[in-house]
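One structure is given here, and the rest of the page talks about it.
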Amino acid sequence: MGKHIFHFIPGLFQVPEHAELGWILGCLTSIPRLQHFPQWKVKNTSQMNEGTAGLFTYPVLQAADILLYKSTHVPVGEDQVLHLELTQDLARRFNKKYGDFFPVPKTILTETKKVRSLRDPTAKMSKSDPQKWATVSVTDCPEEILLKFRKAITDFTSEVTYDPDRRPGVSNLITIHSAITGLSTEEVVRQSTGVDTAHYKTVVAEAVIEKLAPIRSEFEKLREDGAYLEKVLQAGAEMAKTLAAPVYQEVKRLVGFH
């Protein structure tokens with residue numbers, strides 16, 4: 001079997017086979033396994049232990065998204081490794097029970113494993129973070145990006161050094177700078193010799209602004225063309241349906257739904 005790297009297809013939400021396979025995989029997943037996911041623990045606690053079933057079973061739906069297209073390789077960040085391990089286990093469990101059907105997908109770790117919050121470098125950067133200064137969005141204007149980096153939490157040492165354990169704030173800025181420029185963390189630190197952290201925040205912000213500028217420009221252009229976006233979504237849904245339907249039909253046959 002050739003390499004089949006999982007990638008997002010516009011319009012996936014219009015394909016019901018995702019939720020249907022998710023239900024079948026949910027029957028192979030234990031509650032204790034899902035309770036161990038850090039994302040569930042954090043969000044359930046933040047919601048006063050009133051987390052929803054949809055949030056609780058979301059990792060199973062993610063597994064269905066991957067397996068439905070028989071993906072062999074999945075690019076993930078460090079925070080998604082546990083999710084992919086669940087996907088791998090579910091593929092093995094399904095294959096053991098119903099016959100060799102799903103490939104067990106391999107992990108492709110991105111070079112930048114985790115980007116951390118600008119306001120709390122012990123936590124990952126997340127679009128759902130209630131602190132508006134914690135996360136940089138692709139759609140942020142240059143002024144917003146600059147202000148967010150200026151407000152980034154660092155420490156009282158002015159020198160730019162990479163030490164994630166002792167200096168998580170500055171190290172996070174170096175990680176972001178490295179990811180944006182393609183330079184190694186060592187090269188970034190070497191180039192920043194003699195630069196204090198206050199000025200370094202501006203350096204990183206400017207690099208991010210430059211990198212995101214063409215993406216933001218394209219985003220704004222596309223947002224103005226609703227008809228084109230609808231066309232892309234429709235085409236994506238049709239392609240996804242073409243790929244997913246025969247796989248799910250075979251799943252139904254294997255589990256005895258036919």
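As shown in the structure tokens, the chain order sets the letters A, B, ...; within each chain, residues go from 1, and ligands are also counted from 1 in the order they appear.
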Which neighbours of Ile145 in chain A fall inside 8 Å, counting only C-alpha atoms, when residues of the same chain fewer than 2 positions from it are skipped, and could you give them as a count of residues only?
-> 11
Per residue of range 70-100 of chain A within 8 Å of range 10-28 of chain A, which atom pair is closest and at what distance in Å (one decimal), using only C-alpha atoms, listed by chain and increasing number, as a Markdown table?
```
| residue | atom | partner | partner_atom | distance |
| --- | --- | --- | --- | --- |
| A:Leu90 | CA | A:Leu25 | CA | 6.8 |
| A:Arg93 | CA | A:Leu28 | CA | 7.3 |
| A:Phe94 | CA | A:Leu28 | CA | 7.7 |
```
Check the smallest atom-to-atom distance from each of A:Thr87, A:Thr72, A:Thr107, A:Thr52 to Thr29 in chain A using only C-alpha atoms, then report the winner.
->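 Once distances to Thr29 in chain A are computed over only C-alpha atoms, the minimum belongs to A:Thr87.
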Enumerate as a ChimeraX atom specification all residues of range 46-255 of chain A assigned to helix (DSSP H, G or I) by DSSP on the backbone, naming them with the chain letters and numbers the document uses.
-> /A:46,53-56,58-67,78-98,142-150,168-181,185-191,197-223,226-255
Compile the contact shell of His83 in chain A as a count of residues only: residues with an atom at most 9 Å away, counting only C-alpha atoms, same-chain residues fewer than 4 positions apart removed.
-> 8
List the neighbours of range 109-123 of chain A out to 6 Å using only C-alpha atoms; skip same-chain residues closer than 4 positions along the sequence, and give me the result as a ChimeraX atom specification.
-> /A:75-78,134,152-153,168-169
Give me the range 82-185 of chain A side of the contact with range 237-253 of chain A, cut-off 10 Å, one line per residue showing its nearest atom pair and distance in Å at one decimal, counting only C-alpha atoms, sorted by chain and residue number, as a tab-separated table.
```
residue	atom	partner	partner_atom	distance
A:Phe94	CA	A:Val251	CA	9.6
A:Tyr98	CA	A:Val251	CA	8.9
A:Phe101	CA	A:Val251	CA	8.5
A:Phe102	CA	A:Val247	CA	9.6
```
Residue among A:Val42, A:Leu254, A:Leu68, A:Val170 lying closest to Asp129 in chain A, counting only C-alpha atoms =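 Among A:Val42, A:Leu254, A:Leu68, A:Val170, it is A:Val42 that comes nearest to Asp129 in chain A.
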Surrounding residues of range 157-161 of chain A excluding itself and chain neighbours under 4 positions, 10 Å, only C-alpha atoms, as a list in words =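 What passes the distance filter is Arg167, Val170, Ser171, Leu173, Ile174, Thr185, Glu186, Val188, Val189, Arg190, Gln191, Ser192, Thr193, Gly194, Val195, Asp196, Thr197, Ala198, His199 and Tyr200 of chain A.
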Smallest atom-to-atom distance to Ala91 in chain A: which of A:Ile108, A:Gly182, A:Ser71, A:Arg33, using only C-alpha atoms?
->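 Using only C-alpha atoms, the shortest distance to Ala91 in chain A belongs to A:Ser71.
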Would you mind listing what lies within 10 Å of Thr139 in chain A as a PDB file with all heavy atoms, in the first residue's frame, with only C-alpha atoms counted and same-chain residues fewer than 3 positions away left out?
```
ATOM      1  N   VAL A 136      -2.209  34.130  18.724  1.00  0.00           N
ATOM      2  CA  VAL A 136      -2.100  34.881  17.471  1.00  0.00           C
ATOM      3  C   VAL A 136      -2.917  34.158  16.412  1.00  0.00           C
ATOM      4  O   VAL A 136      -2.728  32.965  16.180  1.00  0.00           O
ATOM      5  CB  VAL A 136      -0.634  34.996  17.012  1.00  0.00           C
ATOM      6  CG1 VAL A 136      -0.555  35.697  15.654  1.00  0.00           C
ATOM      7  CG2 VAL A 136       0.183  35.744  18.048  1.00  0.00           C
ATOM      8  N   PRO A 142      -1.649  43.552  11.657  1.00  0.00           N
ATOM      9  CA  PRO A 142      -0.286  43.756  12.177  1.00  0.00           C
ATOM     10  C   PRO A 142      -0.245  44.423  13.543  1.00  0.00           C
ATOM     11  O   PRO A 142       0.579  44.047  14.397  1.00  0.00           O
ATOM     12  CB  PRO A 142       0.364  44.637  11.104  1.00  0.00           C
ATOM     13  CG  PRO A 142      -0.352  44.251   9.841  1.00  0.00           C
ATOM     14  CD  PRO A 142      -1.778  44.011  10.259  1.00  0.00           C
ATOM     15  N   GLU A 144      -2.446  44.253  15.950  1.00  0.00           N
ATOM     16  CA  GLU A 144      -2.839  43.275  16.971  1.00  0.00           C
ATOM     17  C   GLU A 144      -1.702  42.311  17.272  1.00  0.00           C
ATOM     18  O   GLU A 144      -1.426  41.986  18.441  1.00  0.00           O
ATOM     19  CB  GLU A 144      -4.069  42.492  16.506  1.00  0.00           C
ATOM     20  CG  GLU A 144      -5.363  43.295  16.489  1.00  0.00           C
ATOM     21  CD  GLU A 144      -6.511  42.499  15.900  1.00  0.00           C
ATOM     22  OE1 GLU A 144      -6.325  41.900  14.812  1.00  0.00           O
ATOM     23  OE2 GLU A 144      -7.591  42.479  16.518  1.00  0.00           O
ATOM     24  N   ILE A 145      -1.039  41.823  16.243  1.00  0.00           N
ATOM     25  CA  ILE A 145       0.066  40.881  16.430  1.00  0.00           C
ATOM     26  C   ILE A 145       1.193  41.528  17.232  1.00  0.00           C
ATOM     27  O   ILE A 145       1.738  40.936  18.172  1.00  0.00           O
ATOM     28  CB  ILE A 145       0.584  40.392  15.064  1.00  0.00           C
ATOM     29  CG1 ILE A 145      -0.497  39.555  14.360  1.00  0.00           C
ATOM     30  CG2 ILE A 145       1.861  39.567  15.234  1.00  0.00           C
ATOM     31  CD1 ILE A 145      -0.135  39.147  12.942  1.00  0.00           C
ATOM     32  N   LEU A 212       2.695  36.080   7.810  1.00  0.00           N
ATOM     33  CA  LEU A 212       1.243  35.920   7.710  1.00  0.00           C
ATOM     34  C   LEU A 212       0.587  36.898   6.735  1.00  0.00           C
ATOM     35  O   LEU A 212      -0.571  36.700   6.350  1.00  0.00           O
ATOM     36  CB  LEU A 212       0.594  36.090   9.095  1.00  0.00           C
ATOM     37  CG  LEU A 212       0.939  35.040  10.156  1.00  0.00           C
ATOM     38  CD1 LEU A 212       0.150  35.302  11.426  1.00  0.00           C
ATOM     39  CD2 LEU A 212       0.663  33.630   9.648  1.00  0.00           C
ATOM     40  N   ALA A 213       1.317  37.930   6.334  1.00  0.00           N
ATOM     41  CA  ALA A 213       0.719  38.971   5.478  1.00  0.00           C
ATOM     42  C   ALA A 213       0.064  38.416   4.209  1.00  0.00           C
ATOM     43  O   ALA A 213      -1.104  38.725   3.930  1.00  0.00           O
ATOM     44  CB  ALA A 213       1.772  40.023   5.125  1.00  0.00           C
ATOM     45  N   ILE A 215      -0.965  35.420   3.580  1.00  0.00           N
ATOM     46  CA  ILE A 215      -2.054  34.505   3.959  1.00  0.00           C
ATOM     47  C   ILE A 215      -3.280  35.315   4.354  1.00  0.00           C
ATOM     48  O   ILE A 215      -4.410  35.018   3.942  1.00  0.00           O
ATOM     49  CB  ILE A 215      -1.609  33.596   5.118  1.00  0.00           C
ATOM     50  CG1 ILE A 215      -0.378  32.784   4.711  1.00  0.00           C
ATOM     51  CG2 ILE A 215      -2.747  32.670   5.548  1.00  0.00           C
ATOM     52  CD1 ILE A 215       0.237  31.988   5.849  1.00  0.00           C
ATOM     53  N   ARG A 216      -3.050  36.356   5.160  1.00  0.00           N
ATOM     54  CA  ARG A 216      -4.166  37.204   5.594  1.00  0.00           C
ATOM     55  C   ARG A 216      -4.794  37.918   4.407  1.00  0.00           C
ATOM     56  O   ARG A 216      -6.014  38.050   4.313  1.00  0.00           O
ATOM     57  CB  ARG A 216      -3.654  38.220   6.614  1.00  0.00           C
ATOM     58  CG  ARG A 216      -4.725  39.141   7.171  1.00  0.00           C
ATOM     59  CD  ARG A 216      -4.191  39.952   8.351  1.00  0.00           C
ATOM     60  NE  ARG A 216      -5.196  40.859   8.864  1.00  0.00           N
ATOM     61  CZ  ARG A 216      -5.341  42.118   8.468  1.00  0.00           C
ATOM     62  NH1 ARG A 216      -4.503  42.620   7.566  1.00  0.00           N
ATOM     63  NH2 ARG A 216      -6.282  42.884   8.968  1.00  0.00           N
ATOM     64  N   SER A 217      -3.959  38.354   3.464  1.00  0.00           N
ATOM     65  CA  SER A 217      -4.459  39.037   2.270  1.00  0.00           C
ATOM     66  C   SER A 217      -5.351  38.106   1.449  1.00  0.00           C
ATOM     67  O   SER A 217      -6.440  38.492   0.990  1.00  0.00           O
ATOM     68  CB  SER A 217      -3.284  39.526   1.422  1.00  0.00           C
ATOM     69  OG  SER A 217      -3.733  40.087   0.215  1.00  0.00           O
ATOM     70  N   PHE A 219      -6.903  35.460   2.587  1.00  0.00           N
ATOM     71  CA  PHE A 219      -8.086  35.180   3.395  1.00  0.00           C
ATOM     72  C   PHE A 219      -9.137  36.273   3.204  1.00  0.00           C
ATOM     73  O   PHE A 219     -10.325  35.983   3.007  1.00  0.00           O
ATOM     74  CB  PHE A 219      -7.691  35.075   4.873  1.00  0.00           C
ATOM     75  CG  PHE A 219      -8.845  34.814   5.800  1.00  0.00           C
ATOM     76  CD1 PHE A 219      -9.238  33.526   6.087  1.00  0.00           C
ATOM     77  CD2 PHE A 219      -9.539  35.867   6.382  1.00  0.00           C
ATOM     78  CE1 PHE A 219     -10.313  33.285   6.936  1.00  0.00           C
ATOM     79  CE2 PHE A 219     -10.611  35.641   7.228  1.00  0.00           C
ATOM     80  CZ  PHE A 219     -10.997  34.340   7.515  1.00  0.00           C
ATOM     81  N   GLU A 220      -8.694  37.526   3.276  1.00  0.00           N
ATOM     82  CA  GLU A 220      -9.630  38.643   3.120  1.00  0.00           C
ATOM     83  C   GLU A 220     -10.251  38.644   1.724  1.00  0.00           C
ATOM     84  O   GLU A 220     -11.443  38.924   1.556  1.00  0.00           O
ATOM     85  CB  GLU A 220      -8.903  39.972   3.378  1.00  0.00           C
ATOM     86  CG  GLU A 220      -8.429  40.163   4.802  1.00  0.00           C
ATOM     87  CD  GLU A 220      -9.572  40.193   5.803  1.00  0.00           C
ATOM     88  OE1 GLU A 220     -10.700  40.563   5.406  1.00  0.00           O
ATOM     89  OE2 GLU A 220      -9.339  39.844   6.971  1.00  0.00           O
TER      90      GLU A 220
END
```
